[in-house]
file input-v8.txt (compact mmCIF, C-alpha atoms and all ligand atoms)
# COMPACT_ATOMS: atom_id res chain seq x y z
CA MET W 1 117.66 85.81 135.17
CA VAL W 2 117.46 88.27 132.28
CA ILE W 3 114.32 88.76 130.20
CA PRO W 4 115.60 90.45 127.10
CA ALA W 5 112.45 91.90 125.55
CA LEU W 6 109.02 93.20 126.53
CA TYR W 7 106.06 93.41 124.17
CA VAL W 8 102.80 95.21 124.95
CA HIS W 9 99.75 94.65 122.79
CA TRP W 10 97.46 97.69 122.38
CA ALA W 11 94.36 96.07 121.01
CA PHE W 12 92.24 98.92 119.64
CA CYS W 13 92.15 100.58 116.23
CA PRO W 14 90.34 103.65 114.90
CA TYR W 15 88.99 101.44 112.08
CA ILE W 16 89.37 97.83 111.04
CA CYS W 17 91.31 96.87 107.90
CA PRO W 18 89.82 94.05 105.79
CA TYR W 19 93.04 92.00 105.57
CA CYS W 20 93.94 92.09 109.25
CA ASP W 21 93.98 89.06 111.52
CA PHE W 22 95.57 90.62 114.61
CA ALA W 23 93.80 90.64 117.96
CA LYS W 24 92.11 94.03 117.64
CA TRP W 25 88.80 95.81 118.19
CA LEU W 26 87.29 99.08 117.12
CA TYR W 27 88.31 101.85 119.53
CA ASP W 28 85.76 102.65 122.19
CA GLU W 29 86.86 104.82 125.09
CA ARG W 30 85.31 102.79 127.91
CA ALA W 31 86.44 99.47 126.50
CA ALA W 32 89.92 100.85 125.84
CA GLU W 33 90.19 102.10 129.43
CA ARG W 34 89.14 98.77 130.87
CA TYR W 35 91.76 97.10 128.69
CA VAL W 36 94.49 99.41 130.01
CA ARG W 37 93.47 98.56 133.57
CA ALA W 38 93.81 94.89 132.67
CA LEU W 39 97.23 95.52 131.14
CA GLN W 40 98.33 97.38 134.26
CA ALA W 41 97.07 94.56 136.46
CA GLU W 42 98.93 92.00 134.39
CA ILE W 43 102.13 94.04 134.60
CA GLU W 44 101.80 94.30 138.39
CA ARG W 45 101.29 90.57 138.94
CA THR W 46 104.20 89.53 136.70
CA PRO W 47 107.35 88.81 138.71
CA ALA W 48 109.82 91.67 138.43
CA LEU W 49 112.75 90.87 136.15
CA THR W 50 115.30 92.75 134.10
CA ALA W 51 114.42 93.56 130.50
CA SER W 52 116.27 95.11 127.59
CA THR W 53 113.96 96.47 124.88
CA VAL W 54 110.28 97.45 124.87
CA PHE W 55 107.95 97.27 121.89
CA TYR W 56 104.38 98.62 121.74
CA GLY W 57 102.43 96.92 118.96
CA GLY W 58 98.84 96.40 118.11
CA GLY W 59 96.24 97.15 117.19
CA THR W 60 97.06 100.82 117.03
CA PRO W 61 98.94 102.02 120.11
CA ASN W 62 98.44 105.68 119.15
CA ALA W 63 94.67 105.22 119.24
CA TYR W 64 95.39 105.82 122.94
CA GLY W 65 96.45 109.18 124.36
CA SER W 66 100.13 109.78 125.03
CA ALA W 67 99.55 110.00 128.78
CA GLN W 68 98.27 106.40 128.94
CA LEU W 69 101.06 105.11 126.71
CA VAL W 70 103.74 106.92 128.69
CA GLY W 71 102.21 105.95 132.04
CA VAL W 72 102.38 102.24 131.23
CA LEU W 73 105.94 102.62 129.96
CA ALA W 74 107.02 104.35 133.16
CA ARG W 75 105.68 101.43 135.18
CA LEU W 76 107.35 98.89 132.88
CA ARG W 77 110.66 100.68 133.32
CA GLU W 78 110.36 100.64 137.09
CA ARG W 79 109.23 97.06 137.33
CA PHE W 80 111.54 95.54 134.73
CA GLY W 81 114.60 97.74 135.14
CA VAL W 82 114.59 98.91 131.54
CA ARG W 83 117.67 101.06 131.03
CA ASP W 84 117.40 104.70 129.95
CA ASP W 85 119.26 103.98 126.72
CA ALA W 86 117.20 100.89 125.81
CA GLU W 87 115.40 100.74 122.47
CA VAL W 88 111.73 101.57 123.10
CA SER W 89 109.58 101.29 119.98
CA ILE W 90 106.00 102.20 119.27
CA GLU W 91 103.93 101.38 116.20
CA VAL W 92 101.87 104.29 114.99
CA ASN W 93 99.08 104.75 112.50
CA PRO W 94 99.90 107.81 110.34
CA ASP W 95 96.31 109.05 110.39
CA ARG W 96 96.74 112.81 110.93
CA ASP W 97 94.35 112.89 113.88
CA LEU W 98 96.50 110.40 115.78
CA THR W 99 99.98 111.85 115.41
CA SER W 100 99.87 115.03 117.49
CA GLY W 101 101.32 113.59 120.71
CA PHE W 102 104.83 112.71 119.59
CA ASP W 103 106.54 115.28 121.85
CA ALA W 104 105.02 113.60 124.89
CA LEU W 105 105.95 110.14 123.62
CA ARG W 106 109.56 111.16 123.04
CA ALA W 107 109.76 112.89 126.42
CA GLY W 108 108.19 109.82 128.01
CA GLY W 109 111.00 107.57 126.79
CA PHE W 110 110.00 106.21 123.37
CA ASN W 111 112.92 106.46 120.96
CA ARG W 112 111.89 104.44 117.91
CA LEU W 113 108.77 105.05 115.86
CA SER W 114 107.36 102.51 113.43
CA ILE W 115 104.85 103.94 110.97
CA GLY W 116 102.26 101.57 109.50
CA ALA W 117 102.07 103.19 106.07
CA GLN W 118 101.68 100.00 103.94
CA SER W 119 101.59 102.05 100.72
CA LEU W 120 101.93 105.63 99.56
CA GLU W 121 99.57 105.15 96.63
CA ALA W 122 96.02 106.45 97.04
CA GLY W 123 94.39 103.57 95.14
CA GLU W 124 96.23 100.89 97.13
CA LEU W 125 95.47 102.57 100.44
CA ARG W 126 91.79 102.57 99.49
CA VAL W 127 91.89 98.87 98.61
CA LEU W 128 93.60 98.15 101.94
CA GLY W 129 90.90 100.06 103.78
CA ARG W 130 93.43 102.53 105.17
CA ARG W 131 92.33 106.10 105.84
CA HIS W 132 95.63 107.95 105.67
CA THR W 133 97.24 109.52 102.62
CA ALA W 134 100.84 109.70 101.41
CA GLU W 135 100.93 113.25 102.72
CA ASP W 136 99.86 111.99 106.17
CA VAL W 137 102.85 109.63 106.15
CA ALA W 138 105.19 112.50 105.25
CA GLU W 139 103.60 114.64 107.97
CA THR W 140 104.05 111.81 110.48
CA VAL W 141 107.77 111.68 109.68
CA ARG W 142 108.01 115.49 110.01
CA ARG W 143 106.23 115.37 113.38
CA ALA W 144 108.47 112.53 114.53
CA ARG W 145 111.60 114.50 113.60
CA ALA W 146 110.28 117.66 115.23
CA ALA W 147 109.70 115.66 118.42
CA GLY W 148 113.28 114.36 118.33
CA PHE W 149 112.83 110.83 116.98
CA THR W 150 116.02 109.87 115.15
CA ASN W 151 115.06 106.23 114.54
CA VAL W 152 112.02 105.87 112.30
CA ASN W 153 110.69 102.84 110.43
CA VAL W 154 108.07 102.67 107.70
CA ASP W 155 106.14 99.45 107.03
CA LEU W 156 105.22 98.78 103.41
CA MET W 157 103.21 95.99 101.85
CA PHE W 158 103.62 94.31 98.48
CA GLY W 159 101.21 92.04 96.64
CA VAL W 160 98.32 94.44 97.24
CA PRO W 161 95.48 93.89 94.73
CA GLY W 162 95.92 96.30 91.86
CA GLN W 163 99.56 97.02 92.73
CA THR W 164 101.97 97.09 89.78
CA ALA W 165 105.75 97.12 89.69
CA ALA W 166 105.51 100.82 88.80
CA SER W 167 103.19 101.70 91.71
CA TRP W 168 105.32 99.67 94.14
CA GLU W 169 108.41 101.48 92.93
CA ARG W 170 106.68 104.82 93.49
CA SER W 171 105.90 103.84 97.11
CA LEU W 172 109.50 102.78 97.67
CA ASP W 173 110.81 106.00 96.12
CA ALA W 174 108.45 108.08 98.23
CA VAL W 175 109.62 106.35 101.41
CA LEU W 176 113.26 106.77 100.45
CA ALA W 177 112.61 110.47 99.91
CA LEU W 178 111.39 110.71 103.51
CA GLY W 179 114.89 109.82 104.72
CA VAL W 180 113.86 107.22 107.29
CA GLU W 181 116.36 104.87 108.95
CA HIS W 182 114.47 101.60 108.52
CA VAL W 183 111.99 100.05 106.09
CA SER W 184 110.03 96.81 106.54
CA THR W 185 108.42 95.23 103.49
CA TYR W 186 105.84 92.48 103.95
CA GLY W 187 104.05 90.43 101.35
CA LEU W 188 100.29 90.53 101.78
CA THR W 189 99.12 87.33 103.43
CA ILE W 190 95.52 86.24 103.25
CA GLU W 191 94.28 85.23 106.67
CA GLU W 192 91.36 82.89 107.07
CA GLY W 193 88.10 84.47 108.16
CA THR W 194 88.98 88.00 106.99
CA PRO W 195 87.04 89.95 104.33
CA TYR W 196 90.14 89.57 102.14
CA ALA W 197 89.88 85.76 102.35
CA ARG W 198 86.30 85.97 101.10
CA TRP W 199 87.35 88.35 98.34
CA GLN W 200 90.13 86.02 97.27
CA ALA W 201 87.70 83.07 97.20
CA ARG W 202 85.39 85.08 94.89
CA GLU W 203 88.07 86.62 92.71
CA PRO W 204 91.45 84.88 92.97
CA ALA W 205 92.80 86.70 89.91
CA ALA W 206 92.71 90.00 91.84
CA PHE W 207 95.58 88.76 94.03
CA ALA W 208 99.26 88.53 93.22
CA GLY W 209 100.61 85.03 92.62
CA ASP W 210 104.02 83.82 93.74
CA ASP W 211 105.80 85.11 90.63
CA ARG W 212 104.39 88.60 90.96
CA GLU W 213 105.22 88.68 94.66
CA ALA W 214 108.78 87.57 93.94
CA GLU W 215 109.12 90.29 91.29
CA LEU W 216 107.95 92.96 93.75
CA TYR W 217 110.17 91.65 96.55
CA ALA W 218 113.18 91.66 94.20
CA LEU W 219 112.43 95.25 93.27
CA ALA W 220 112.36 96.26 96.95
CA ILE W 221 115.69 94.54 97.60
CA ARG W 222 117.29 96.23 94.59
CA LYS W 223 116.08 99.71 95.41
CA LEU W 224 116.63 99.67 99.15
CA THR W 225 120.10 98.12 99.05
CA ALA W 226 121.11 100.54 96.26
CA ALA W 227 120.01 103.36 98.58
CA GLY W 228 122.40 102.15 101.29
CA PHE W 229 120.09 100.00 103.40
CA GLU W 230 121.34 96.69 104.78
CA HIS W 231 118.98 93.83 103.98
CA TYR W 232 119.54 92.32 107.40
CA GLU W 233 116.43 90.15 107.64
CA ILE W 234 114.04 88.75 105.06
CA SER W 235 111.53 91.57 105.50
CA ASN W 236 113.72 94.24 107.04
CA PHE W 237 116.13 96.87 105.77
CA ALA W 238 118.11 99.30 107.91
CA ARG W 239 120.64 102.04 107.52
CA PRO W 240 123.88 101.00 109.28
CA GLY W 241 123.40 101.19 113.03
CA PHE W 242 119.60 101.15 112.89
CA ARG W 243 118.64 97.47 112.98
CA CYS W 244 115.69 96.81 115.24
CA GLU W 245 117.12 95.42 118.49
CA HIS W 246 113.79 94.16 119.71
CA ASN W 247 113.13 92.04 116.65
CA ALA W 248 116.77 90.92 116.48
CA ASN W 249 116.13 89.30 119.86
CA TYR W 250 113.29 87.22 118.35
CA TRP W 251 115.52 86.06 115.53
CA ARG W 252 118.21 85.05 118.03
CA ASN W 253 115.53 82.88 119.66
CA GLY W 254 115.89 85.12 122.69
CA GLU W 255 113.40 85.26 125.51
CA TYR W 256 110.52 87.71 125.58
CA LEU W 257 107.56 88.54 127.70
CA GLY W 258 104.30 89.71 126.12
CA PHE W 259 101.50 91.59 127.85
CA GLY W 260 97.96 91.89 126.58
CA VAL W 261 95.34 89.91 124.73
CA GLY W 262 96.81 87.38 122.31
CA ALA W 263 100.38 88.29 123.34
CA ALA W 264 103.09 85.62 123.24
CA SER W 265 105.96 84.97 125.63
CA TYR W 266 108.98 82.72 125.39
CA LEU W 267 110.66 81.88 128.68
CA ASP W 268 112.79 78.93 129.79
CA GLY W 269 112.11 77.10 126.53
CA VAL W 270 108.33 77.43 126.90
CA ARG W 271 106.34 79.44 124.38
CA SER W 272 102.99 80.59 125.68
CA THR W 273 100.24 82.62 124.06
CA HIS W 274 97.49 84.50 125.86
CA THR W 275 93.88 83.93 124.90
CA ARG W 276 92.59 86.06 122.02
CA ASP W 277 89.28 86.44 123.82
CA ARG W 278 89.44 89.98 125.20
CA ALA W 279 86.74 89.51 127.85
CA GLU W 280 88.46 86.39 129.11
CA TYR W 281 91.85 88.14 129.16
CA GLU W 282 90.53 91.17 131.03
CA ALA W 283 88.60 89.11 133.59
CA ALA W 284 91.67 87.03 134.44
CA ALA W 285 94.09 89.98 134.49
CA LEU W 286 91.80 92.14 136.65
CA ALA W 287 91.21 89.27 139.08
CA GLY W 288 94.97 88.75 139.38
CA GLU W 289 94.69 85.25 137.95
CA ALA W 290 96.87 83.48 135.40
CA ILE W 291 95.89 84.50 131.86
CA PRO W 292 94.28 81.60 129.97
CA GLY W 293 96.02 80.49 126.80
CA ASP W 294 98.18 77.84 125.20
CA SER W 295 101.72 76.86 125.94
CA GLU W 296 104.24 74.60 124.32
CA ASP W 297 107.44 73.29 125.83
CA LEU W 298 110.00 73.47 123.05
CA ALA W 299 112.62 70.81 123.50
CA GLY W 300 114.95 68.76 121.33
CA ASP W 301 114.38 69.13 117.59
CA ALA W 302 111.39 71.43 118.09
CA ARG W 303 113.67 73.89 119.89
CA THR W 304 116.67 73.67 117.59
CA GLY W 305 114.47 73.64 114.46
CA GLU W 306 112.80 76.83 115.63
CA ALA W 307 116.19 78.40 116.39
CA VAL W 308 117.50 77.53 112.90
CA MET W 309 114.33 78.84 111.26
CA LEU W 310 114.58 82.17 113.07
CA ALA W 311 118.31 82.61 112.48
CA LEU W 312 118.02 81.79 108.78
CA ARG W 313 115.79 84.84 108.41
CA THR W 314 118.79 87.05 109.13
CA SER W 315 121.68 87.93 106.85
CA GLU W 316 124.13 86.32 109.33
CA GLY W 317 122.24 83.03 109.36
CA VAL W 318 123.02 80.33 111.94
CA ASP W 319 126.34 80.81 113.70
CA ALA W 320 127.53 77.25 114.29
CA GLY W 321 129.67 78.06 117.35
CA THR W 322 126.92 79.94 119.17
CA PHE W 323 124.44 77.23 118.24
CA ARG W 324 126.65 74.46 119.63
CA GLU W 325 127.21 76.38 122.85
CA ARG W 326 123.55 77.12 123.39
CA TYR W 327 121.88 73.90 122.27
CA GLY W 328 124.69 71.34 122.44
CA VAL W 329 124.06 70.50 118.78
CA ASP W 330 126.39 70.66 115.80
CA VAL W 331 124.23 72.27 113.16
CA PHE W 332 126.31 70.88 110.27
CA THR W 333 126.03 67.23 111.29
CA HIS W 334 122.56 67.35 112.85
CA TYR W 335 121.02 68.86 109.73
CA ALA W 336 123.49 67.50 107.18
CA PRO W 337 120.96 66.03 104.68
CA ILE W 338 118.79 69.18 104.67
CA ILE W 339 121.78 71.49 104.32
CA ALA W 340 123.19 69.35 101.51
CA GLU W 341 119.88 69.28 99.62
CA TYR W 342 119.24 73.01 99.77
CA ALA W 343 122.89 73.94 99.21
CA ALA W 344 122.86 71.82 96.05
CA ALA W 345 119.74 73.69 94.96
CA GLY W 346 121.55 77.01 95.48
CA LEU W 347 119.24 78.11 98.30
CA LEU W 348 121.60 77.71 101.25
CA VAL W 349 125.29 78.34 101.70
CA ALA W 350 127.34 76.71 104.44
CA ASP W 351 130.96 77.48 105.29
CA GLU W 352 132.95 76.43 108.35
CA ARG W 353 131.29 79.04 110.57
CA SER W 354 127.67 79.43 109.53
CA VAL W 355 124.68 78.41 107.43
CA ARG W 356 122.83 81.14 105.54
CA LEU W 357 120.16 81.58 102.93
CA THR W 358 121.50 82.64 99.56
CA ALA W 359 119.99 85.62 97.77
CA ARG W 360 117.77 83.16 95.89
CA GLY W 361 116.94 81.27 99.07
CA ARG W 362 115.34 84.36 100.56
CA PHE W 363 112.55 84.09 98.02
CA VAL W 364 111.57 80.63 99.26
CA ALA W 365 112.58 81.05 102.88
CA ASN W 366 109.39 79.48 104.22
CA ASP W 367 110.04 76.24 102.35
CA VAL W 368 113.69 76.06 103.40
CA CYS W 369 112.97 76.91 107.05
CA GLY W 370 110.06 74.47 107.06
CA ALA W 371 112.44 71.63 106.26
CA PHE W 372 114.44 72.31 109.42
CA LEU W 373 111.31 72.59 111.51
CA ALA W 374 109.97 69.32 110.13
CA ARG W 375 113.05 67.30 111.14
CA THR W 376 112.14 65.09 114.08
S1 LIG E 401 96.09 96.45 110.09
FE1 LIG E 401 96.67 97.63 111.89
S2 LIG E 401 95.25 99.41 111.85
FE2 LIG E 401 94.37 97.85 110.50
S3 LIG E 401 92.96 96.70 111.80
FE3 LIG E 401 94.91 95.61 111.82
S4 LIG E 401 95.99 96.33 113.61
FE4 LIG E 401 94.34 97.79 113.16
call {"tool": "encode", "arguments": {"input": "input-v8.txt", "output": "structure tokens"}}
result
Amino acid sequence: MVIPALYVHWAFCPYICPYCDFAKWLYDERAAERYVRALQAEIERTPALTASTVFYGGGTPNAYGSAQLVGVLARLRERFGVRDDAEVSIEVNPDRDLTSGFDALRAGGFNRLSIGAQSLEAGELRVLGRRHTAEDVAETVRRARAAGFTNVNVDLMFGVPGQTAASWERSLDAVLALGVEHVSTYGLTIEEGTPYARWQAREPAAFAGDDREAELYALAIRKLTAAGFEHYEISNFARPGFRCEHNANYWRNGEYLGFGVGAASYLDGVRSTHTRDRAEYEAAALAGEAIPGDSEDLAGDARTGEAVMLALRTSEGVDAGTFRERYGVDVFTHYAPIIAEYAAAGLLVADERSVRLTARGRFVANDVCGAFLART
């Protein structure tokens, strides 16, 4: 059996951003060490399988020292037979104090660096509670290049309070000037229970509405595609040959195995998510017990709806032949009324081989995908 992708959640950050809803805690050396021991224990008790890509996310993986990050990767490689040429990504915070260990990361087998910049505008970074500057982002790219990273992504966010089309364009231009291979652009989402949710409740006008978000998204598409990037997934743009393999596996509804607090796995049609309670996670992992959490057996329409939703995010859309082979379902007949409705509205296009979002459909992808998920 092949497990295509491994995800490791590094749950500590040097500071906490007011919009963030990830499973994360403020970095504390003792707590961070205990967490790594738990991660290592979880890795050891997981049956050995063969994996393709590895992705370190967080949290802030580079809140940890390179030796810890590389040590865990070495064990993952041994245990899961990760090939030398596999894509191995790590998310990094561009804070200057955290980006000095790139040589060791590259030597230790990481070959793709994803920089959580969010913006290159000082005012927006302040509003987002981020501590780095645009110059820190540029320095991070320089350090990555000097260490030998040839595959670098920058994450950017649109819909930030106070952001204008002009300031968004400046961030995009600044990232393009850095010459990176990949750019991800995400609309700000307000997550319940965060300081941003309370701010929005007090002052809704401070936040971008749908029209403003669509305007900013359109600007990103125009600029990045004009610069030679392929818009290969709703939020992702890559120079030819630099699509993210790890994420492409998610969009193919491929299997994955997640380690760490709050991490998700998808194996044999079952999606499971570890508890987000760190103490509970660590206690179970260190005792060699099953990690508490939720699981859902995706079958029938739940499974195919999920597969359509994920594939529609990509520029290739749903390949009808592959879909029929894998799920025994003809996508055109099974979803005929939904396809007809959204095709008539100009949001989907279907030919004899595939179903895809149109350029306009990408702006309302959640609504279109939701219709497939809702079919029971
Ligand atoms: S946005 Fe990133 S750096 Fe900020 S708290 Fe969340 S995980 Fe940590």
call {"tool": "residues_near_ligand", "arguments": {"input": "input-v8.txt", "ligand": "ligand LIG 401 (chain E)", "cutoff": "10 Å", "atoms": "all atoms listed in the file", "output": "PyMOL selection string"}}
result
chain W and resi 10-27+57-61+63+91-95+116-118+128-131
call {"tool": "closest_residue", "arguments": {"input": "input-v8.txt", "among": "W:Asp136, W:Glu29, W:Glu296, W:Glu181", "to": "Phe149 in chain W", "atoms": "all atoms listed in the file"}}
result
W:Glu181
call {"tool": "atom_distance", "arguments": {"input": "input-v8.txt", "atom1": "CA of Gly260 in chain W", "atom2": "CA of Asn111 in chain W"}}
result
21.6 Å
call {"tool": "residues_around", "arguments": {"input": "input-v8.txt", "residues": "Gly370 in chain W", "least_positions_apart": "5", "cutoff": "9 Å", "atoms": "all atoms listed in the file", "output": "PDB file with C-alpha atoms, in the frame of the given file"}}
result
ATOM      1  CA  GLY W 305     114.470  73.640 114.460  1.00  0.00           C
ATOM      2  CA  MET W 309     114.330  78.840 111.260  1.00  0.00           C
ATOM      3  CA  ALA W 365     112.580  81.050 102.880  1.00  0.00           C
ATOM      4  CA  ARG W 375     113.050  67.300 111.140  1.00  0.00           C
TER       5      ARG W 375
END
call {"tool": "residues_around", "arguments": {"input": "input-v8.txt", "residues": "Arg79 in chain W", "least_positions_apart": "3", "cutoff": "9 Å", "atoms": "all atoms listed in the file", "output": "PyMOL selection string"}}
result
chain W and resi 43-44+47-50+74-76+82
call {"tool": "axis_aligned_box", "arguments": {"input": "input-v8.txt", "around": "range 41-44 of chain W", "padding_each_side": "6 Å", "output": "JSON"}}
result
{"center_x": 99.6, "center_y": 93.3, "center_z": 136.4, "size_x": 17.1, "size_y": 14.6, "size_z": 16.0}
call {"tool": "residues_around", "arguments": {"input": "input-v8.txt", "residues": "Ala146 in chain W", "least_positions_apart": "5", "cutoff": "9 Å", "atoms": "only C-alpha atoms", "output": "JSON, numbers by chain"}}
result
{"W": [102, 103, 141]}
call {"tool": "closest_residue", "arguments": {"input": "input-v8.txt", "among": "W:Gln40, W:Ser235, W:Ser171, W:Ser100", "to": "Arg142 in chain W", "atoms": "only C-alpha atoms"}}
result
W:Ser100
call {"tool": "atom_distance", "arguments": {"input": "input-v8.txt", "atom1": "CA of Trp168 in chain W", "atom2": "CA of Asp155 in chain W"}}
result
12.9 Å
call {"tool": "residues_near_point", "arguments": {"input": "input-v8.txt", "point": "(106.0, 97.6, 90.7)", "cutoff": "10 Å", "atoms": "only C-alpha atoms", "output": "PyMOL selection string"}}
result
chain W and resi 158-159+163-172+212-213+215-220
call {"tool": "decode", "arguments": {"input": "input-v8.txt", "residues": "range 253-270 of chain W", "atoms": "N, CA, C and O atoms", "output": "PDB file, in the first residue's frame"}}
result
ATOM      1  N   ASN W 253      -7.565  14.113  -4.220  1.00  0.00           N
ATOM      2  CA  ASN W 253      -8.217  13.261  -3.221  1.00  0.00           C
ATOM      3  C   ASN W 253      -7.326  12.072  -2.884  1.00  0.00           C
ATOM      4  O   ASN W 253      -7.806  10.976  -2.610  1.00  0.00           O
ATOM      5  N   GLY W 254      -6.025  12.319  -2.910  1.00  0.00           N
ATOM      6  CA  GLY W 254      -5.064  11.271  -2.592  1.00  0.00           C
ATOM      7  C   GLY W 254      -4.978  11.051  -1.086  1.00  0.00           C
ATOM      8  O   GLY W 254      -5.481  11.839  -0.293  1.00  0.00           O
ATOM      9  N   GLU W 255      -4.316   9.980  -0.714  1.00  0.00           N
ATOM     10  CA  GLU W 255      -4.206   9.672   0.710  1.00  0.00           C
ATOM     11  C   GLU W 255      -3.082  10.466   1.351  1.00  0.00           C
ATOM     12  O   GLU W 255      -2.117  10.857   0.687  1.00  0.00           O
ATOM     13  N   TYR W 256      -3.218  10.719   2.634  1.00  0.00           N
ATOM     14  CA  TYR W 256      -2.168  11.417   3.374  1.00  0.00           C
ATOM     15  C   TYR W 256      -2.221  11.005   4.827  1.00  0.00           C
ATOM     16  O   TYR W 256      -3.248  10.524   5.319  1.00  0.00           O
ATOM     17  N   LEU W 257      -1.095  11.228   5.462  1.00  0.00           N
ATOM     18  CA  LEU W 257      -0.954  10.835   6.851  1.00  0.00           C
ATOM     19  C   LEU W 257      -0.403  12.041   7.598  1.00  0.00           C
ATOM     20  O   LEU W 257       0.652  12.572   7.226  1.00  0.00           O
ATOM     21  N   GLY W 258      -1.133  12.502   8.617  1.00  0.00           N
ATOM     22  CA  GLY W 258      -0.717  13.705   9.348  1.00  0.00           C
ATOM     23  C   GLY W 258      -0.252  13.347  10.751  1.00  0.00           C
ATOM     24  O   GLY W 258      -0.874  12.534  11.436  1.00  0.00           O
ATOM     25  N   PHE W 259       0.842  13.961  11.165  1.00  0.00           N
ATOM     26  CA  PHE W 259       1.364  13.774  12.516  1.00  0.00           C
ATOM     27  C   PHE W 259       1.245  15.081  13.283  1.00  0.00           C
ATOM     28  O   PHE W 259       1.521  16.146  12.736  1.00  0.00           O
ATOM     29  N   GLY W 260       0.886  14.973  14.550  1.00  0.00           N
ATOM     30  CA  GLY W 260       0.877  16.156  15.402  1.00  0.00           C
ATOM     31  C   GLY W 260      -0.517  16.540  15.836  1.00  0.00           C
ATOM     32  O   GLY W 260      -1.521  15.992  15.357  1.00  0.00           O
ATOM     33  N   VAL W 261      -0.583  17.512  16.722  1.00  0.00           N
ATOM     34  CA  VAL W 261      -1.858  17.945  17.282  1.00  0.00           C
ATOM     35  C   VAL W 261      -2.737  18.557  16.182  1.00  0.00           C
ATOM     36  O   VAL W 261      -2.269  19.350  15.372  1.00  0.00           O
ATOM     37  N   GLY W 262      -3.976  18.131  16.122  1.00  0.00           N
ATOM     38  CA  GLY W 262      -4.910  18.684  15.138  1.00  0.00           C
ATOM     39  C   GLY W 262      -4.687  18.193  13.714  1.00  0.00           C
ATOM     40  O   GLY W 262      -5.429  18.569  12.806  1.00  0.00           O
ATOM     41  N   ALA W 263      -3.693  17.342  13.496  1.00  0.00           N
ATOM     42  CA  ALA W 263      -3.362  16.927  12.113  1.00  0.00           C
ATOM     43  C   ALA W 263      -4.423  15.964  11.575  1.00  0.00           C
ATOM     44  O   ALA W 263      -5.019  15.189  12.315  1.00  0.00           O
ATOM     45  N   ALA W 264      -4.630  16.031  10.263  1.00  0.00           N
ATOM     46  CA  ALA W 264      -5.635  15.184   9.615  1.00  0.00           C
ATOM     47  C   ALA W 264      -4.951  14.128   8.761  1.00  0.00           C
ATOM     48  O   ALA W 264      -3.850  14.343   8.239  1.00  0.00           O
ATOM     49  N   SER W 265      -5.618  12.987   8.641  1.00  0.00           N
ATOM     50  CA  SER W 265      -5.158  11.913   7.754  1.00  0.00           C
ATOM     51  C   SER W 265      -6.326  11.468   6.892  1.00  0.00           C
ATOM     52  O   SER W 265      -7.487  11.635   7.276  1.00  0.00           O
ATOM     53  N   TYR W 266      -6.009  10.887   5.758  1.00  0.00           N
ATOM     54  CA  TYR W 266      -7.046  10.335   4.892  1.00  0.00           C
ATOM     55  C   TYR W 266      -6.510   9.024   4.326  1.00  0.00           C
ATOM     56  O   TYR W 266      -5.589   9.033   3.502  1.00  0.00           O
ATOM     57  N   LEU W 267      -7.043   7.934   4.830  1.00  0.00           N
ATOM     58  CA  LEU W 267      -6.552   6.607   4.461  1.00  0.00           C
ATOM     59  C   LEU W 267      -7.720   5.673   4.245  1.00  0.00           C
ATOM     60  O   LEU W 267      -8.634   5.641   5.087  1.00  0.00           O
ATOM     61  N   ASP W 268      -7.678   4.897   3.180  1.00  0.00           N
ATOM     62  CA  ASP W 268      -8.733   3.898   2.923  1.00  0.00           C
ATOM     63  C   ASP W 268     -10.130   4.499   3.000  1.00  0.00           C
ATOM     64  O   ASP W 268     -11.046   3.888   3.568  1.00  0.00           O
ATOM     65  N   GLY W 269     -10.297   5.713   2.507  1.00  0.00           N
ATOM     66  CA  GLY W 269     -11.621   6.333   2.495  1.00  0.00           C
ATOM     67  C   GLY W 269     -12.054   6.898   3.840  1.00  0.00           C
ATOM     68  O   GLY W 269     -13.172   7.391   3.971  1.00  0.00           O
ATOM     69  N   VAL W 270     -11.191   6.827   4.847  1.00  0.00           N
ATOM     70  CA  VAL W 270     -11.548   7.365   6.172  1.00  0.00           C
ATOM     71  C   VAL W 270     -10.722   8.617   6.439  1.00  0.00           C
ATOM     72  O   VAL W 270      -9.494   8.593   6.354  1.00  0.00           O
TER      73      VAL W 270
END
